[in-house]
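For reference, the structure is listed below as structure tokens.
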Amino acid sequence: MNRKKYLIYTSIIALCFLFTGSAYMSQSFRLMDFYTEKQVDMVSSVFNYFFQALGILIFSLGLVKLPKLFGNRKLFILLLVTGSLFMTLSQLANSGLVIEITGYVFNLHIGIYFGFYLTLLSRFIPPGKSGICFGLAYAIASLGTYLFSLVHGGTLLVSKEVTALYLILASITIFLVYWGQDLIAPSGDSPLTRIIQKSDIKELQLNYLIPIIIIAMTIFIIGSGLFYSLPVAESVNWNLIRAFYAVGLILAGFIMDKNRFICEVLVIASLTYPLIMLTLVGGGITGTVALSISYIFRGFISIYYVISFTNIGYERLEYLYLAPVGLFVSRLTETIIAVLFLNVSISNIAQLIFSAALFLPLLALFVIMASKRMVPEPMSDAKRFALYSEKYGLTSREMEVLKCLAEGLSDSEIAERCFISKNTVRFHISNLLKKTSTTSRVEVVQELNKF
């Protein structure tokens with residue numbers, strides 16, 4: 001892995017999340033001057049998250065339908081510029097309605113940013129390094145937001161002057177993106193146009209991963225919500241908590257890279273903390289301490305639902321658009337739960353019982369998924385051909401000729417089946433041998449069977 005590229009992509013994620021996350025908090029703080037606390041919660045936890053999820057969805061679908069456009073870093077640069085414009089309008093406005101509406105457009109941009117830089121992570125950072133890359137980048141951003149909150153006695157994030165700082169960070173991000181790479185090369189065919197099939201869902205374990213993320217986020221949010229309802233939550237230092245979140249992100253990223261199973265165990269273990277957190281407050285343990293520990297644990301959930309999906313697209317370019325799906329599911333889950341809790345009164349006991357009951361299906365899903373991973377299914381011929389073709393960049397015609405060679409067909413038989421001349425068959429075979437670094441037809445078929 002090129003160290004320079006690793007540094008560039010880590011910096012892009014860190015800087016982009018730093019200025020968007022801080023601007024998100026600034027908007028929430030500024031809305032407090034115009035709306036009630038419940039109304040601000042509705043804007044921040046429901047509508048903003050909804051628009052972020054929508055932005056992620058737009059990016060993933062765009063990457064499938066228009067891969068050369070959405071995979072081009074120039075589009076990302078353009079969106080960084082337009083998003084910065086709406087962010088500036090939101091920061092400088094003196095009307096609650098203007099702050100709210102421009103904030104929605106900015107959060108739509110944030111969702112697209114998520115999609116782009118998580119796909120960058122999936123495309124260029126290999127499994128085994130992606131966890132610490134993402135964890136370190138998000139940790140830098142979380143710690144940066146905390147440091148911003150200390151400036152001018154904690155008033156920087158609610159001041160209009162902070163807009164200049166956000167624009168500087170956005171400009172640096174644009175510079176780094178410009179010197180990076182496109183997700184999809186401007187020329188050449190892209191396999192992203194193939195939408196995922198039902199058989200692929202089983203292979204990629206999406207039927208386990210997506211429910212796991214939904215249940216895990218539900219347990220965590222309910223547990224944290226129970227704590228927020230306590231009187232001690234009023235004295236919480238919310239900005240300091242982000243610094244502890246940074247610790248959890250780095251630790252979880254390192255463990256995810258080393259051993260995914262251990263990370264999964266720690267995800268389950270971390271979800272028990274919000275449920276016992278209620279018994280920890282008091283007796284010398286303040287609300288800030290209790291919630292800070294909770295956010296260290298939240299780092300494991302965040303790393304898991306992101307890296308589980310970004311790793312999918314690294315070796316299989318056709319699945320690259322799945323990179324931000326984990327974050328999309330998380331944001332959508334948070335949106336739905338926020339709507340429920342802001343509009344329906346549910347007793348703490350009922351929430352506690354429901355949250356505890358969710359552990360059984362969560363454990364079952366983890367166990368089933370882990371057992372499937374330990375005993376992989378035999379690779380089908382279709383999958384072997386697809387992987388081999390993708391690895392060596394074979395054209396559709398070269399792949400067709402390779403299949404004929406694997407069946408033991410002669411040049412004449414291949415020409416007849418493919419409706420081409422024997423000279424054209426020999427031309428494709430020659431290219432095939434060059435691309436795969438093999439010296440004969442027999443050798444290329446043997447290498448294919450070993451794949």
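Order determines the names: the first chain of the structure tokens is A, the second B, and so forth; residues in each chain are numbered 1 upward, and ligands are numbered 1 upward as they are shown.
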Residues near stretch 398-406 of chain A, cut-off 10 Å, only C-alpha atoms, skip fewer than 5 positions along chain, as a VMD selection string: chain A and resid 381 to 382 385 to 386 388 to 390 393 411 413 to 415 417 to 418 425 to 432 441 to 442 444 to 446 448 to 449
Residue set, stretch 293-433 of chain A restricted to alpha helix (DSSP H), as a ChimeraX atom specification: /A:293-310,312-315,325-343,348-357,359-374,381-392,396-406,411-418,422-433
Would you save the residues from that selection as a tab-separated table (two decimals), in the first residue's frame, using C-alpha atoms?
chain	number	residue	atom	x	y	z
A	293	ILE	CA	-17.55	5.53	28.29
A	294	SER	CA	-20.68	4.85	26.26
A	295	TYR	CA	-19.20	6.70	23.28
A	296	ILE	CA	-15.96	4.74	23.50
A	297	PHE	CA	-18.13	1.67	23.00
A	298	ARG	CA	-20.08	3.36	20.21
A	299	GLY	CA	-16.83	3.47	18.23
A	300	PHE	CA	-17.07	-0.32	17.80
A	301	ILE	CA	-20.56	-0.11	16.31
A	302	SER	CA	-19.58	2.74	13.96
A	303	ILE	CA	-16.47	0.94	12.72
A	304	TYR	CA	-18.31	-2.34	12.26
A	305	TYR	CA	-21.22	-1.08	10.18
A	306	VAL	CA	-18.92	0.96	7.93
A	307	ILE	CA	-15.98	-1.42	7.39
A	308	SER	CA	-18.19	-4.51	6.92
A	309	PHE	CA	-19.48	-2.88	3.73
A	310	THR	CA	-16.41	-1.00	2.49
A	312	ILE	CA	-16.89	-5.80	0.07
A	313	GLY	CA	-15.98	-3.52	-2.82
A	314	TYR	CA	-12.19	-3.72	-2.60
A	315	GLU	CA	-11.76	-7.04	-4.42
A	325	VAL	CA	-24.77	1.05	2.66
A	326	GLY	CA	-23.84	0.41	6.30
A	327	LEU	CA	-23.93	4.11	7.09
A	328	PHE	CA	-27.15	4.50	5.08
A	329	VAL	CA	-28.89	1.80	7.15
A	330	SER	CA	-27.56	3.35	10.37
A	331	ARG	CA	-28.78	6.86	9.48
A	332	LEU	CA	-32.19	5.58	8.42
A	333	THR	CA	-32.54	3.57	11.64
A	334	GLU	CA	-31.63	6.61	13.74
A	335	THR	CA	-34.15	8.72	11.81
A	336	ILE	CA	-37.02	6.28	12.38
A	337	ILE	CA	-36.27	5.81	16.08
A	338	ALA	CA	-35.94	9.58	16.58
A	339	VAL	CA	-39.38	10.12	15.01
A	340	LEU	CA	-40.83	7.47	17.32
A	341	PHE	CA	-39.35	8.85	20.53
A	342	LEU	CA	-40.08	12.49	19.71
A	343	ASN	CA	-43.75	11.82	18.99
A	348	ASN	CA	-38.56	3.63	30.40
A	349	ILE	CA	-39.46	0.14	31.58
A	350	ALA	CA	-41.04	-0.72	28.23
A	351	GLN	CA	-37.97	0.61	26.39
A	352	LEU	CA	-35.65	-1.40	28.65
A	353	ILE	CA	-37.59	-4.64	28.15
A	354	PHE	CA	-37.79	-4.17	24.38
A	355	SER	CA	-34.07	-3.36	24.15
A	356	ALA	CA	-33.11	-6.41	26.22
A	357	ALA	CA	-35.37	-8.64	24.10
A	359	PHE	CA	-30.32	-9.23	22.14
A	360	LEU	CA	-31.64	-12.72	21.36
A	361	PRO	CA	-32.16	-12.21	17.60
A	362	LEU	CA	-28.96	-10.16	17.45
A	363	LEU	CA	-26.90	-12.97	18.96
A	364	ALA	CA	-28.58	-15.50	16.67
A	365	LEU	CA	-27.73	-13.44	13.56
A	366	PHE	CA	-24.10	-13.02	14.61
A	367	VAL	CA	-23.71	-16.75	15.31
A	368	ILE	CA	-25.30	-17.80	12.00
A	369	MET	CA	-23.23	-15.30	10.01
A	370	ALA	CA	-20.00	-16.35	11.74
A	371	SER	CA	-20.70	-20.06	11.08
A	372	LYS	CA	-21.38	-19.33	7.39
A	373	ARG	CA	-18.11	-17.46	7.15
A	374	MET	CA	-16.14	-20.31	8.75
A	381	ASP	CA	-17.68	-21.79	-12.19
A	382	ALA	CA	-19.53	-18.56	-12.96
A	383	LYS	CA	-18.01	-16.84	-9.94
A	384	ARG	CA	-14.52	-18.20	-10.75
A	385	PHE	CA	-14.73	-16.85	-14.31
A	386	ALA	CA	-16.01	-13.48	-13.06
A	387	LEU	CA	-13.26	-13.11	-10.46
A	388	TYR	CA	-10.55	-14.22	-12.87
A	389	SER	CA	-11.79	-11.85	-15.56
A	390	GLU	CA	-11.94	-8.93	-13.11
A	391	LYS	CA	-8.46	-9.60	-11.75
A	392	TYR	CA	-6.79	-9.55	-15.16
A	396	SER	CA	-16.15	-9.89	-22.60
A	397	ARG	CA	-14.85	-11.54	-25.79
A	398	GLU	CA	-11.63	-12.73	-24.12
A	399	MET	CA	-13.70	-14.17	-21.31
A	400	GLU	CA	-15.89	-15.98	-23.84
A	401	VAL	CA	-12.82	-17.44	-25.55
A	402	LEU	CA	-11.41	-18.49	-22.17
A	403	LYS	CA	-14.59	-20.42	-21.40
A	404	CYS	CA	-14.23	-22.21	-24.72
A	405	LEU	CA	-10.61	-23.11	-23.94
A	406	ALA	CA	-11.72	-24.46	-20.55
A	411	ASP	CA	-9.77	-22.87	-32.75
A	412	SER	CA	-12.30	-23.90	-35.38
A	413	GLU	CA	-14.90	-24.82	-32.77
A	414	ILE	CA	-14.33	-21.56	-30.90
A	415	ALA	CA	-14.65	-19.57	-34.14
A	416	GLU	CA	-17.91	-21.34	-34.97
A	417	ARG	CA	-19.39	-20.81	-31.50
A	418	CYS	CA	-18.36	-17.14	-31.23
A	422	LYS	CA	-9.88	-18.40	-36.59
A	423	ASN	CA	-7.41	-15.53	-36.91
A	424	THR	CA	-9.54	-13.47	-34.56
A	425	VAL	CA	-9.65	-16.41	-32.14
A	426	ARG	CA	-5.84	-16.59	-32.15
A	427	PHE	CA	-5.67	-12.81	-31.64
A	428	HIS	CA	-7.87	-13.03	-28.52
A	429	ILE	CA	-5.92	-15.99	-27.17
A	430	SER	CA	-2.67	-14.08	-27.62
A	431	ASN	CA	-4.07	-11.12	-25.65
A	432	LEU	CA	-5.41	-13.50	-23.04
A	433	LEU	CA	-1.99	-15.07	-22.46
Find the residues near stretch 81-90 of chain A: any atom within 8 Å, counting only C-alpha atoms, skip ones fewer than 5 places away on the same chain, and give them as an mmCIF file with N, CA, C and O atoms, in the first residue's frame.
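Saved as selection20.cif:
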data_model
loop_
_atom_site.group_PDB
_atom_site.id
_atom_site.type_symbol
_atom_site.label_atom_id
_atom_site.label_comp_id
_atom_site.auth_asym_id
_atom_site.auth_seq_id
_atom_site.Cartn_x
_atom_site.Cartn_y
_atom_site.Cartn_z
ATOM 1 N N ALA A 23 -19.979 21.816 11.332
ATOM 2 C CA ALA A 23 -21.022 22.697 10.804
ATOM 3 C C ALA A 23 -22.409 22.186 11.179
ATOM 4 O O ALA A 23 -23.328 22.977 11.451
ATOM 5 N N GLN A 27 -25.078 24.424 13.298
ATOM 6 C CA GLN A 27 -26.449 24.676 12.873
ATOM 7 C C GLN A 27 -27.431 24.367 13.996
ATOM 8 O O GLN A 27 -28.363 25.143 14.264
ATOM 9 N N VAL A 98 -34.465 30.008 7.273
ATOM 10 C CA VAL A 98 -33.374 29.958 6.293
ATOM 11 C C VAL A 98 -32.278 28.995 6.765
ATOM 12 O O VAL A 98 -31.741 28.202 5.977
ATOM 13 N N ILE A 99 -31.936 29.064 8.058
ATOM 14 C CA ILE A 99 -30.940 28.139 8.617
ATOM 15 C C ILE A 99 -31.394 26.702 8.418
ATOM 16 O O ILE A 99 -30.609 25.822 8.041
ATOM 17 N N GLU A 100 -32.673 26.453 8.656
ATOM 18 C CA GLU A 100 -33.226 25.102 8.553
ATOM 19 C C GLU A 100 -33.187 24.593 7.117
ATOM 20 O O GLU A 100 -32.683 23.487 6.851
ATOM 21 N N THR A 102 -31.552 25.758 4.292
ATOM 22 C CA THR A 102 -30.200 25.626 3.734
ATOM 23 C C THR A 102 -29.449 24.481 4.405
ATOM 24 O O THR A 102 -28.623 23.821 3.774
ATOM 25 N N GLY A 103 -29.773 24.251 5.677
ATOM 26 C CA GLY A 103 -29.163 23.118 6.382
ATOM 27 C C GLY A 103 -29.577 21.789 5.788
ATOM 28 O O GLY A 103 -28.773 20.853 5.692
ATOM 29 N N VAL A 105 -30.350 21.211 2.626
ATOM 30 C CA VAL A 105 -29.613 21.039 1.373
ATOM 31 C C VAL A 105 -28.159 20.668 1.662
ATOM 32 O O VAL A 105 -27.570 19.816 0.982
ATOM 33 N N PHE A 106 -27.584 21.293 2.678
ATOM 34 C CA PHE A 106 -26.209 20.976 3.058
ATOM 35 C C PHE A 106 -26.097 19.530 3.530
ATOM 36 O O PHE A 106 -25.139 18.827 3.187
ATOM 37 N N HIS A 109 -25.945 17.191 0.733
ATOM 38 C CA HIS A 109 -24.563 17.157 0.245
ATOM 39 C C HIS A 109 -23.696 16.268 1.140
ATOM 40 O O HIS A 109 -22.874 15.489 0.641
ATOM 41 N N ILE A 110 -23.888 16.383 2.460
ATOM 42 C CA ILE A 110 -23.096 15.576 3.393
ATOM 43 C C ILE A 110 -23.276 14.090 3.091
ATOM 44 O O ILE A 110 -22.319 13.311 3.108
ATOM 45 N N THR A 163 -17.457 30.181 10.265
ATOM 46 C CA THR A 163 -17.700 29.868 8.854
ATOM 47 C C THR A 163 -16.411 29.926 8.042
ATOM 48 O O THR A 163 -16.180 29.087 7.153
ATOM 49 N N LEU A 167 -14.739 26.959 5.711
ATOM 50 C CA LEU A 167 -14.409 27.148 4.299
ATOM 51 C C LEU A 167 -12.942 26.813 4.018
ATOM 52 O O LEU A 167 -12.613 26.268 2.955
ATOM 53 N N ALA A 170 -12.781 23.044 3.955
ATOM 54 C CA ALA A 170 -13.373 22.552 2.712
ATOM 55 C C ALA A 170 -12.420 22.755 1.538
ATOM 56 O O ALA A 170 -12.292 21.888 0.665
#
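Restricting the calculation to only C-alpha atoms, the smallest distance between A:Gly115 and any of A:Leu176, A:Met25, A:Ile215, A:Leu54 is found for A:Leu54.
Minimum atom-to-atom distance to A:Arg30, evaluated using only C-alpha atoms, belongs to A:Ser159 out of A:Ser122, A:Ser159, A:Thr145, A:Ser60.
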Surrounding residues of A:Val151 excluding itself and chain neighbours under 6 positions, 12 Å, only C-alpha atoms, as a PyMOL selection string: chain A and resi 144-145+157-159+161-162+239
